[in-house]
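Okay, upload-v3.txt is below, compact mmCIF, C-alpha atoms:
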# COMPACT_ATOMS: atom_id res chain seq x y z
CA MET A 1 15.21 37.30 210.32
CA PHE A 2 13.38 34.23 208.98
CA ALA A 3 10.84 32.81 211.44
CA VAL A 4 7.81 30.53 211.75
CA TYR A 5 5.23 32.13 214.02
CA ALA A 6 1.66 32.27 215.27
CA GLU A 7 -0.13 35.38 214.05
CA SER A 8 -3.59 34.50 215.41
CA PHE A 9 -5.44 31.76 217.32
CA HIS A 10 -7.90 29.34 215.73
CA PRO A 11 -8.96 26.54 218.12
CA GLU A 12 -10.70 24.45 215.44
CA ASP A 13 -8.29 25.15 212.57
CA PRO A 14 -4.92 25.92 214.18
CA LEU A 15 -2.91 26.15 210.95
CA ARG A 16 -4.90 29.22 209.87
CA GLY A 17 -2.77 31.30 212.22
CA LEU A 18 0.58 29.88 211.10
CA VAL A 19 2.90 32.23 209.22
CA VAL A 20 6.24 31.45 207.56
CA GLY A 21 7.92 34.80 207.11
CA GLU A 22 10.07 37.41 208.82
CA ARG A 23 10.32 38.71 212.40
CA PRO A 24 12.75 41.16 214.05
CA ALA A 25 16.02 39.60 215.18
CA PRO A 26 16.11 39.08 218.97
CA VAL A 27 18.25 41.12 221.35
CA ALA A 28 19.60 39.19 224.33
CA PRO A 29 19.06 40.96 227.68
CA GLU A 30 21.71 40.81 230.39
CA GLY A 31 22.30 37.26 231.52
CA TRP A 32 20.88 35.80 228.31
CA THR A 33 22.61 34.41 225.23
CA THR A 34 21.80 34.23 221.53
CA VAL A 35 21.75 30.79 219.92
CA THR A 36 21.97 30.45 216.15
CA VAL A 37 19.56 27.64 215.37
CA ARG A 38 20.72 24.69 213.27
CA ALA A 39 17.80 22.35 214.00
CA ALA A 40 14.50 22.57 215.89
CA SER A 41 11.86 19.89 216.41
CA LEU A 42 8.07 20.05 216.51
CA ASN A 43 5.93 19.21 219.53
CA HIS A 44 2.18 19.01 219.99
CA HIS A 45 2.68 22.04 222.24
CA ASP A 46 3.20 24.06 219.05
CA LEU A 47 -0.25 23.07 217.77
CA TRP A 48 -1.78 23.97 221.13
CA THR A 49 -0.12 27.38 220.91
CA LEU A 50 -1.79 27.93 217.52
CA ARG A 51 -5.09 27.05 219.22
CA GLY A 52 -4.46 29.69 221.88
CA VAL A 53 -3.76 27.31 224.78
CA GLY A 54 -1.15 28.43 227.34
CA ILE A 55 -0.55 31.81 225.72
CA LYS A 56 -2.23 35.21 225.98
CA GLN A 57 -3.46 37.20 222.98
CA GLU A 58 -1.15 40.10 223.78
CA ARG A 59 1.89 37.82 223.28
CA LEU A 60 1.19 37.57 219.54
CA PRO A 61 2.92 37.35 217.17
CA MET A 62 4.80 34.47 218.81
CA ILE A 63 7.63 32.53 217.17
CA LEU A 64 6.86 28.84 217.63
CA GLY A 65 9.18 26.02 218.70
CA CYS A 66 10.35 24.78 222.10
CA ASP A 67 13.33 22.66 221.09
CA ALA A 68 16.56 23.60 219.35
CA ALA A 69 20.22 22.84 218.92
CA GLY A 70 22.74 25.25 217.46
CA LEU A 71 25.70 27.51 218.17
CA ASP A 72 26.05 29.94 221.06
CA GLU A 73 27.72 33.35 220.76
CA ASP A 74 31.17 31.76 221.16
CA GLY A 75 30.57 29.13 218.48
CA ASN A 76 30.01 26.28 220.95
CA GLU A 77 27.57 23.54 219.94
CA VAL A 78 24.69 23.65 222.42
CA ILE A 79 21.20 22.34 223.17
CA VAL A 80 18.51 24.74 224.36
CA HIS A 81 16.62 23.91 227.56
CA ALA A 82 13.05 25.12 227.03
CA VAL A 83 11.91 25.65 230.65
CA ILE A 84 12.40 29.30 231.66
CA SER A 85 12.29 29.80 235.42
CA ASP A 86 12.13 33.03 237.40
CA PRO A 87 15.61 34.62 237.69
CA ASP A 88 15.39 34.40 241.49
CA TRP A 89 14.28 30.75 241.53
CA ASP A 90 16.74 28.33 243.14
CA GLY A 91 16.28 24.61 242.64
CA ASP A 92 14.35 22.38 240.25
CA GLU A 93 12.95 24.81 237.69
CA THR A 94 10.00 22.52 236.87
CA LEU A 95 8.66 23.28 240.37
CA ASP A 96 8.84 27.05 239.96
CA PRO A 97 5.21 28.27 239.95
CA ARG A 98 6.28 31.16 237.69
CA ARG A 99 8.08 29.00 235.14
CA SER A 100 7.13 29.06 231.48
CA LEU A 101 8.00 27.15 228.36
CA LEU A 102 9.44 28.82 225.29
CA THR A 103 6.54 30.14 223.13
CA GLU A 104 4.36 30.88 226.17
CA VAL A 105 6.05 34.14 227.25
CA HIS A 106 9.34 34.18 225.35
CA GLN A 107 9.82 33.77 221.61
CA GLY A 108 10.55 30.25 220.37
CA THR A 109 13.10 28.38 218.30
CA PHE A 110 11.64 28.17 214.78
CA ALA A 111 13.83 31.01 213.57
CA GLU A 112 17.38 31.87 212.63
CA GLN A 113 18.12 32.82 216.24
CA VAL A 114 16.61 32.41 219.71
CA VAL A 115 17.60 34.07 222.99
CA VAL A 116 17.51 32.19 226.30
CA PRO A 117 19.05 32.59 229.77
CA ARG A 118 22.70 31.50 229.78
CA ARG A 119 21.87 28.74 232.25
CA ASN A 120 19.44 27.30 229.66
CA VAL A 121 22.08 25.93 227.32
CA VAL A 122 23.68 22.50 227.65
CA ALA A 123 26.78 21.40 225.76
CA LYS A 124 26.07 19.16 222.78
CA PRO A 125 28.52 16.25 222.48
CA ALA A 126 30.15 15.75 219.09
CA GLY A 127 28.57 12.31 218.82
CA LEU A 128 25.07 13.78 218.61
CA SER A 129 24.03 15.52 215.40
CA PHE A 130 22.18 18.83 215.56
CA VAL A 131 19.06 17.04 214.30
CA GLU A 132 19.26 14.37 217.02
CA ALA A 133 20.02 16.94 219.72
CA ALA A 134 17.04 19.08 218.70
CA CYS A 135 14.70 16.21 219.57
CA LEU A 136 15.69 16.12 223.24
CA PRO A 137 14.56 19.17 225.27
CA THR A 138 10.80 18.46 225.40
CA ALA A 139 9.65 14.92 224.52
CA TRP A 140 12.86 13.09 225.36
CA LEU A 141 13.51 15.07 228.53
CA THR A 142 9.92 14.42 229.62
CA ALA A 143 10.46 10.70 229.07
CA TYR A 144 13.76 10.71 230.98
CA ARG A 145 12.19 12.38 234.03
CA MET A 146 9.18 10.03 233.94
CA LEU A 147 11.31 6.89 233.93
CA PHE A 148 14.21 7.71 236.18
CA THR A 149 13.31 10.67 238.43
CA GLN A 150 9.58 10.24 239.05
CA GLY A 151 9.43 6.52 238.30
CA GLY A 152 12.71 5.63 240.01
CA LEU A 153 13.10 2.67 237.65
CA LYS A 154 16.23 0.56 237.39
CA ALA A 155 17.60 -2.24 235.25
CA GLY A 156 15.44 -5.35 235.45
CA ASP A 157 12.16 -3.54 236.16
CA THR A 158 9.24 -3.96 233.78
CA VAL A 159 7.53 -0.88 232.35
CA LEU A 160 4.39 -0.47 230.25
CA VAL A 161 4.41 2.38 227.73
CA GLN A 162 0.91 3.31 226.57
CA GLY A 163 0.27 4.73 223.10
CA ALA A 164 3.42 3.82 221.17
CA GLY A 165 4.14 6.16 218.29
CA GLY A 166 3.92 9.57 219.94
CA GLY A 167 7.08 11.56 220.62
CA VAL A 168 7.19 10.93 224.38
CA ALA A 169 6.13 7.28 224.05
CA THR A 170 8.82 6.63 221.44
CA ALA A 171 11.44 8.19 223.72
CA LEU A 172 10.18 6.09 226.64
CA VAL A 173 10.67 2.85 224.69
CA VAL A 174 14.20 3.73 223.54
CA LEU A 175 15.41 5.08 226.90
CA ALA A 176 13.87 2.24 228.91
CA ARG A 177 15.50 -0.38 226.72
CA ALA A 178 18.85 1.42 226.85
CA ALA A 179 18.65 1.42 230.67
CA GLY A 180 18.06 -2.34 230.88
CA LEU A 181 14.33 -2.30 231.61
CA ARG A 182 11.88 -4.84 230.22
CA VAL A 183 9.59 -2.82 227.94
CA VAL A 184 5.95 -3.52 227.08
CA ALA A 185 4.21 -1.19 224.61
CA THR A 186 0.62 -0.74 223.42
CA SER A 187 -1.01 0.96 220.46
CA ARG A 188 -4.26 0.89 218.48
CA ASP A 189 -2.20 0.76 215.28
CA GLU A 190 -0.56 -2.51 214.13
CA ALA A 191 2.17 -0.67 212.22
CA LYS A 192 3.08 1.31 215.34
CA LEU A 193 3.23 -1.90 217.37
CA ALA A 194 5.70 -3.30 214.85
CA ARG A 195 7.79 -0.12 215.01
CA ALA A 196 7.80 -0.26 218.82
CA LEU A 197 9.28 -3.76 218.66
CA GLU A 198 11.91 -2.52 216.21
CA LEU A 199 12.81 0.27 218.62
CA GLY A 200 13.42 -2.15 221.47
CA ALA A 201 10.12 -3.06 223.11
CA HIS A 202 10.20 -6.68 224.28
CA GLU A 203 6.43 -7.09 223.87
CA ALA A 204 3.75 -5.08 222.08
CA TYR A 205 -0.02 -5.48 222.31
CA PRO A 206 -3.14 -3.78 220.97
CA SER A 207 -4.45 -1.13 223.38
CA GLY A 208 -6.51 -2.59 226.21
CA THR A 209 -5.11 -6.13 225.90
CA ARG A 210 -4.80 -7.98 229.21
CA LEU A 211 -1.08 -8.40 229.81
CA PRO A 212 0.38 -11.82 230.65
CA ALA A 213 2.05 -10.37 233.76
CA LYS A 214 1.72 -7.24 235.91
CA VAL A 215 4.27 -4.47 235.46
CA ASP A 216 6.30 -2.43 237.94
CA ALA A 217 5.35 0.90 236.39
CA VAL A 218 3.18 2.42 233.68
CA MET A 219 4.19 5.47 231.68
CA GLU A 220 0.97 7.27 230.79
CA THR A 221 0.53 10.09 228.27
CA VAL A 222 -2.89 9.18 226.86
CA GLY A 223 -5.08 9.57 229.94
CA ARG A 224 -8.76 8.77 229.78
CA ALA A 225 -8.65 6.18 226.98
CA THR A 226 -5.99 4.01 228.63
CA TRP A 227 -6.39 4.81 232.34
CA GLU A 228 -8.33 1.69 233.35
CA HIS A 229 -5.91 -0.56 231.48
CA SER A 230 -2.96 1.20 233.13
CA ILE A 231 -4.34 0.66 236.65
CA ARG A 232 -5.29 -2.96 235.99
CA SER A 233 -1.82 -3.69 234.53
CA LEU A 234 0.10 -2.53 237.61
CA ARG A 235 1.38 -4.84 240.30
CA PRO A 236 0.53 -4.03 243.94
CA GLY A 237 2.74 -1.15 245.02
CA GLY A 238 3.43 -0.17 241.42
CA LYS A 239 3.73 3.34 240.01
CA LEU A 240 1.75 5.12 237.34
CA VAL A 241 3.62 8.16 236.04
CA ILE A 242 1.54 10.56 233.94
CA SER A 243 2.78 13.51 231.90
CA GLY A 244 -0.15 14.12 229.56
CA ALA A 245 -3.75 13.35 228.71
CA THR A 246 -4.10 13.42 224.94
CA SER A 247 -7.48 11.64 225.06
CA GLY A 248 -9.05 14.18 227.38
CA PRO A 249 -8.51 15.77 230.81
CA ARG A 250 -11.36 14.07 232.72
CA LEU A 251 -11.93 10.52 233.96
CA ASP A 252 -15.28 8.75 234.24
CA ASP A 253 -13.83 6.35 236.81
CA ALA A 254 -10.45 6.80 238.46
CA LEU A 255 -10.60 3.26 239.95
CA LEU A 256 -9.78 4.65 243.38
CA PRO A 257 -10.41 1.36 245.25
CA GLN A 258 -7.82 -0.36 243.07
CA ILE A 259 -5.32 2.40 243.73
CA PHE A 260 -5.60 2.53 247.52
CA PHE A 261 -6.21 -1.19 248.15
CA LYS A 262 -3.16 -2.18 246.09
CA GLN A 263 -1.16 0.78 247.41
CA MET A 264 -0.31 2.11 243.98
CA SER A 265 1.33 5.48 243.41
CA VAL A 266 0.04 7.97 240.83
CA ILE A 267 2.76 10.51 240.08
CA GLY A 268 2.56 13.61 237.92
CA SER A 269 5.54 14.60 235.79
CA THR A 270 6.21 17.72 233.73
CA MET A 271 9.15 18.32 231.40
CA GLY A 272 12.53 18.14 233.18
CA ASN A 273 15.21 20.37 234.64
CA ARG A 274 18.56 21.41 233.21
CA ALA A 275 20.48 18.83 235.23
CA GLU A 276 18.24 16.07 233.88
CA LEU A 277 18.77 17.32 230.33
CA GLY A 278 22.50 17.07 230.91
CA SER A 279 22.09 13.52 232.25
CA LEU A 280 19.95 12.55 229.27
CA VAL A 281 22.57 13.85 226.85
CA THR A 282 25.29 11.94 228.70
CA MET A 283 23.20 8.75 228.66
CA LEU A 284 22.68 8.92 224.90
CA ASP A 285 26.33 9.69 224.29
CA ALA A 286 27.39 6.73 226.45
CA THR A 287 24.86 4.14 225.24
CA GLY A 288 24.63 5.04 221.57
CA ALA A 289 20.83 5.25 221.81
CA ARG A 290 19.43 7.93 219.52
CA PRO A 291 16.13 9.73 218.97
CA LEU A 292 13.93 8.39 216.20
CA VAL A 293 13.48 11.05 213.53
CA ASP A 294 10.37 10.66 211.39
CA ARG A 295 11.53 13.26 208.85
CA GLU A 296 13.77 16.29 208.36
CA LEU A 297 12.45 19.33 206.52
CA PRO A 298 13.94 22.76 205.85
CA MET A 299 12.33 25.33 208.10
CA GLU A 300 10.80 27.00 205.02
CA ARG A 301 8.56 23.90 204.74
CA ALA A 302 7.23 24.29 208.28
CA ARG A 303 3.58 24.25 207.16
CA GLU A 304 4.09 20.79 205.66
CA ALA A 305 5.56 19.63 208.97
CA PHE A 306 2.64 21.04 210.97
CA GLU A 307 0.14 19.39 208.63
CA ALA A 308 1.79 16.02 209.21
CA MET A 309 1.71 16.46 212.98
CA ALA A 310 -1.92 17.61 212.97
CA ALA A 311 -2.87 14.53 210.93
CA GLY A 312 -0.91 12.17 213.19
CA ASP A 313 1.14 11.13 210.18
CA LEU A 314 4.41 10.48 212.01
CA PHE A 315 6.36 8.03 214.15
CA GLY A 316 9.06 9.83 216.05
CA LYS A 317 10.08 13.46 215.71
CA ILE A 318 9.75 15.94 212.86
CA VAL A 319 12.80 18.22 212.74
CA LEU A 320 13.12 21.55 210.94
CA THR A 321 16.63 22.48 209.81
CA ARG A 322 18.45 25.70 208.86
Could you write out this file's structure as structure tokens?
Amino acid sequence: MFAVYAESFHPEDPLRGLVVGERPAPVAPEGWTTVTVRAASLNHHDLWTLRGVGIKQERLPMILGCDAAGLDEDGNEVIVHAVISDPDWDGDETLDPRRSLLTEVHQGTFAEQVVVPRRNVVAKPAGLSFVEAACLPTAWLTAYRMLFTQGGLKAGDTVLVQGAGGGVATALVVLARAAGLRVVATSRDEAKLARALELGAHEAYPSGTRLPAKVDAVMETVGRATWEHSIRSLRPGGKLVISGATSGPRLDDALLPQIFFKQMSVIGSTMGNRAELGSLVTMLDATGARPLVDRELPMERAREAFEAMAAGDLFGKIVLTR
């Protein structure tokens, strides 16, 4: 079958290992189902896979792609949940120490078909297109969990979203606005600030700008470059929810006195569980909010899509279609 896959790892030049070609069609083991892919979206995780992060050499060749929407074996329109937990795990699969993400152990979604456990498919409502639905399982699910599960935010709260423009940050702005939160966004790029306002942010400022008022929570995906600003922007007792560190994994100064003296909470968040994916889908269907799609490309043009992501030339999601 047609597939887009990693043939080798190249940390400094990840696209060297990218192949657009053919792979054997998957065979679903007992308890799994085959999904015929209609649309699949890119994530930075796919670039990290090409660099050899989170995957072992013996897993190659590995079909890339965490997110997909398509048809199950009975012709039902479904969305694929990318977190694969141990078969014996009971409870929130994001807490399973043996969990993996598609493309780490199991083959991914950039192909004609993908196989996943039957519990890893969620019904796609008719109001969501395959392209829109394919944006949800990683970036948008991460944003949903950050805001509403880990952040515990509710209508009327004020939230700061750092680094507008990235997939998770874009989802955070749209979902927060749809839920009745007051949304403040930051970016180093003036064009991205303007787009954040168009998406629903009430205020948008250059990165590092002192805010006119403290916020109830900060959604952090950047890490080192924005950490001090995040801490200084929080009200006493506020929450900082972090799901990534695109500017580097280490901090020069964690501002610990600020955190403990003002009784702030720093909360880690990773992906989301199947129930949260179902709630996210229901929320979008009910509110009319939709993922922002930067561009759609046929899967045969996957290299072009990866080049755009590697260059940071996007606002929203890039979706590959079949």
Open item on the list: Please determine, counting all atoms listed in the file, which residue among A:Thr226, A:Thr36, A:Ser269, A:Gln162 has the shortest atom-to-atom distance to Thr142 of chain A.
Closed with: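 For Thr142 of chain A, the nearest of the given residues is A:Ser269.
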- [ ] With all atoms listed in the file counted, which protein, DNA or RNA residues have an atom no more than 8 Å from (-5.8, -1.4, 227.1) in the file frame? Please answer as a PyMOL selection string.
- [x] chain A and resi 186+206-210+226+228-230
Between segment 172-231 of chain A and segment 235-249 of chain A, at 9 Å or less, what are the per-residue closest atom pairs and their distances in Å? Count all atoms listed in the file, order by chain and rising residue number, and return it as a Markdown table.
| residue | atom | partner | partner_atom | distance |
| --- | --- | --- | --- | --- |
| A:Ala213 | CA | A:Arg235 | CA | 8.6 |
| A:Lys214 | CA | A:Arg235 | CA | 5.0 |
| A:Val215 | CA | A:Arg235 | CA | 5.6 |
| A:Asp216 | CA | A:Gly238 | CA | 5.0 |
| A:Ala217 | CA | A:Lys239 | CA | 4.7 |
| A:Val218 | CA | A:Leu240 | CA | 4.8 |
| A:Met219 | CA | A:Val241 | CA | 5.2 |
| A:Glu220 | CA | A:Ile242 | CA | 4.6 |
| A:Thr221 | CA | A:Gly244 | CA | 4.3 |
| A:Val222 | CA | A:Ala245 | CA | 4.6 |
| A:Gly223 | CA | A:Ala245 | CA | 4.2 |
| A:Arg224 | CA | A:Ser247 | CA | 5.7 |
| A:Ala225 | CA | A:Ser247 | CA | 5.9 |
| A:Thr226 | CA | A:Ser247 | CA | 8.6 |
| A:Ser230 | CA | A:Leu240 | CA | 7.4 |
| A:Ile231 | CA | A:Leu240 | CA | 7.6 |
Task: For Ser85 of chain A, the nearest of the candidates A:Met299, A:Val122, A:Gly272, A:Trp48, counting all atoms listed in the file - done: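 Among the listed residues, the smallest separation from Ser85 of chain A belongs to A:Gly272.
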With 12 Å as the cut-off and all atoms listed in the file counted, what is the closest atom pair between each nearby residue of segment 107-152 of chain A and segment 4-24 of chain A? Distances in Å to one decimal, ordered by chain and number, as JSON lines.
{"residue": "A:Gln107", "atom": "CA", "partner": "A:Tyr5", "partner_atom": "CA", "distance": 9.0}
{"residue": "A:Gly108", "atom": "CA", "partner": "A:Tyr5", "partner_atom": "CA", "distance": 8.5}
{"residue": "A:Thr109", "atom": "CA", "partner": "A:Val4", "partner_atom": "CA", "distance": 8.7}
{"residue": "A:Phe110", "atom": "CA", "partner": "A:Val4", "partner_atom": "CA", "distance": 5.4}
{"residue": "A:Ala111", "atom": "CA", "partner": "A:Val4", "partner_atom": "CA", "distance": 6.3}
{"residue": "A:Glu112", "atom": "CA", "partner": "A:Val4", "partner_atom": "CA", "distance": 9.7}
{"residue": "A:Gln113", "atom": "CA", "partner": "A:Pro24", "partner_atom": "CA", "distance": 10.2}
{"residue": "A:Val114", "atom": "CA", "partner": "A:Pro24", "partner_atom": "CA", "distance": 11.1}
TODO: Considering only C-alpha atoms, return as JSON, numbers by chain whatever protein or nucleic-acid residues lie within 7 Å of Lys124 of chain A, sequence-local ones (same chain, fewer than 6 positions apart) excluded.
DONE: {"A": [77, 78, 79]}
Task: Using all atoms listed in the file: which of A:Arg145, A:Arg98, A:Arg118, A:Arg59 has the shortest distance to Glu276 of chain A - done: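 Closest residue, counting all atoms listed in the file: A:Arg145.
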Open item on the list: Nearest residue to Ser100 of chain A out of A:Arg195, A:His81, A:Arg322, A:His44, using only C-alpha atoms?
Closed with: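 The closest residue to Ser100 of chain A is A:His81.
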- [ ] Find, counting all atoms listed in the file, the residue in A:Ala28, A:Ile318, A:Leu153, A:Leu197 that gets nearest to Val173 of chain A.
- [x]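 Among the listed residues, the smallest separation from Val173 of chain A belongs to A:Leu197.
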TODO: Pick out the closest residue to Gly31 of chain A from this set: A:Ala68, A:Thr103, A:Trp89, A:Val115. Count all atoms listed in the file.
DONE: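 Checking each candidate against Gly31 of chain A, we get A:Val115 as the closest.
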- [ ] Report the distance between atom CA of His202 of chain A and atom CA of Val293 of chain A in Å, rounded to one decimal place.
- [x]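 Those two atoms sit 21.0 Å apart.
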Open item on the list: Please compute the atom CA of Asn120 of chain A-atom CA of Phe2 of chain A distance, one decimal, in Å.
Closed with: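 So the two atoms, atom CA of Asn120 of chain A and atom CA of Phe2 of chain A, lie 22.6 Å apart.
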- [ ] Provide the atom CA of Leu71 of chain A to atom CA of Lys317 of chain A distance in Å, to one decimal place.
- [x]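 For atom CA of Leu71 of chain A relative to atom CA of Lys317 of chain A, the distance reads 21.2 Å.
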TODO: Using all atoms listed in the file, determine which residues lie at most 6 Å from Leu101 of chain A, disregarding the query and same-chain residues fewer than 6 positions distant; provide the list as a list in words.
DONE: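 With the cut-off at 6 Å, the set is Ala82, Val83 and Ile84 of chain A.
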Next, the residues of the selection above should be written as a PDB file, in the frame of the given file with C-alpha atoms.
ATOM      1  CA  ALA A  82      13.050  25.120 227.030  1.00  0.00           C
ATOM      2  CA  VAL A  83      11.910  25.650 230.650  1.00  0.00           C
ATOM      3  CA  ILE A  84      12.400  29.300 231.660  1.00  0.00           C
TER       4      ILE A  84
END
As lines of an AutoDock Vina configuration file, please: the centre and edge lengths in Å, to one decimal, of an axis-aligned box enclosing every listed atom of segment 138-147 of chain A with 4 Å added on each side.
center_x = 11.5
center_y = 12.7
center_z = 229.3
size_x = 12.6
size_y = 19.6
size_z = 17.5
Reconstructed segment 263-276 of chain A, atom set N, CA and C atoms, as a PDB file, in the coordinates of the input:
ATOM      1  N   GLN A 263      -2.213  -0.154 247.005  1.00  0.00           N
ATOM      2  CA  GLN A 263      -1.160   0.780 247.410  1.00  0.00           C
ATOM      3  C   GLN A 263      -0.304   1.241 246.228  1.00  0.00           C
ATOM      4  N   MET A 264      -0.993   1.595 245.161  1.00  0.00           N
ATOM      5  CA  MET A 264      -0.310   2.110 243.980  1.00  0.00           C
ATOM      6  C   MET A 264       0.000   3.587 244.150  1.00  0.00           C
ATOM      7  N   SER A 265       0.981   4.063 243.404  1.00  0.00           N
ATOM      8  CA  SER A 265       1.330   5.480 243.410  1.00  0.00           C
ATOM      9  C   SER A 265       0.984   6.077 242.047  1.00  0.00           C
ATOM     10  N   VAL A 266       0.300   7.218 242.052  1.00  0.00           N
ATOM     11  CA  VAL A 266       0.040   7.970 240.830  1.00  0.00           C
ATOM     12  C   VAL A 266       0.850   9.252 240.926  1.00  0.00           C
ATOM     13  N   ILE A 267       1.777   9.445 239.978  1.00  0.00           N
ATOM     14  CA  ILE A 267       2.760  10.510 240.080  1.00  0.00           C
ATOM     15  C   ILE A 267       2.698  11.384 238.828  1.00  0.00           C
ATOM     16  N   GLY A 268       2.517  12.672 239.031  1.00  0.00           N
ATOM     17  CA  GLY A 268       2.560  13.610 237.920  1.00  0.00           C
ATOM     18  C   GLY A 268       3.990  13.947 237.546  1.00  0.00           C
ATOM     19  N   SER A 269       4.199  14.252 236.257  1.00  0.00           N
ATOM     20  CA  SER A 269       5.540  14.600 235.790  1.00  0.00           C
ATOM     21  C   SER A 269       5.428  15.615 234.669  1.00  0.00           C
ATOM     22  N   THR A 270       6.228  16.661 234.740  1.00  0.00           N
ATOM     23  CA  THR A 270       6.210  17.720 233.730  1.00  0.00           C
ATOM     24  C   THR A 270       7.622  18.061 233.293  1.00  0.00           C
ATOM     25  N   MET A 271       7.861  17.931 231.988  1.00  0.00           N
ATOM     26  CA  MET A 271       9.150  18.320 231.400  1.00  0.00           C
ATOM     27  C   MET A 271      10.320  17.751 232.205  1.00  0.00           C
ATOM     28  N   GLY A 272      11.352  18.552 232.438  1.00  0.00           N
ATOM     29  CA  GLY A 272      12.530  18.140 233.180  1.00  0.00           C
ATOM     30  C   GLY A 272      13.399  19.353 233.432  1.00  0.00           C
ATOM     31  N   ASN A 273      14.349  19.226 234.334  1.00  0.00           N
ATOM     32  CA  ASN A 273      15.210  20.370 234.640  1.00  0.00           C
ATOM     33  C   ASN A 273      16.521  20.292 233.856  1.00  0.00           C
ATOM     34  N   ARG A 274      17.318  21.327 233.996  1.00  0.00           N
ATOM     35  CA  ARG A 274      18.560  21.410 233.210  1.00  0.00           C
ATOM     36  C   ARG A 274      19.508  20.276 233.553  1.00  0.00           C
ATOM     37  N   ALA A 275      19.594  19.914 234.844  1.00  0.00           N
ATOM     38  CA  ALA A 275      20.480  18.830 235.230  1.00  0.00           C
ATOM     39  C   ALA A 275      20.048  17.517 234.584  1.00  0.00           C
ATOM     40  N   GLU A 276      18.747  17.289 234.513  1.00  0.00           N
ATOM     41  CA  GLU A 276      18.240  16.070 233.880  1.00  0.00           C
ATOM     42  C   GLU A 276      18.517  16.071 232.379  1.00  0.00           C
TER      43      GLU A 276
END
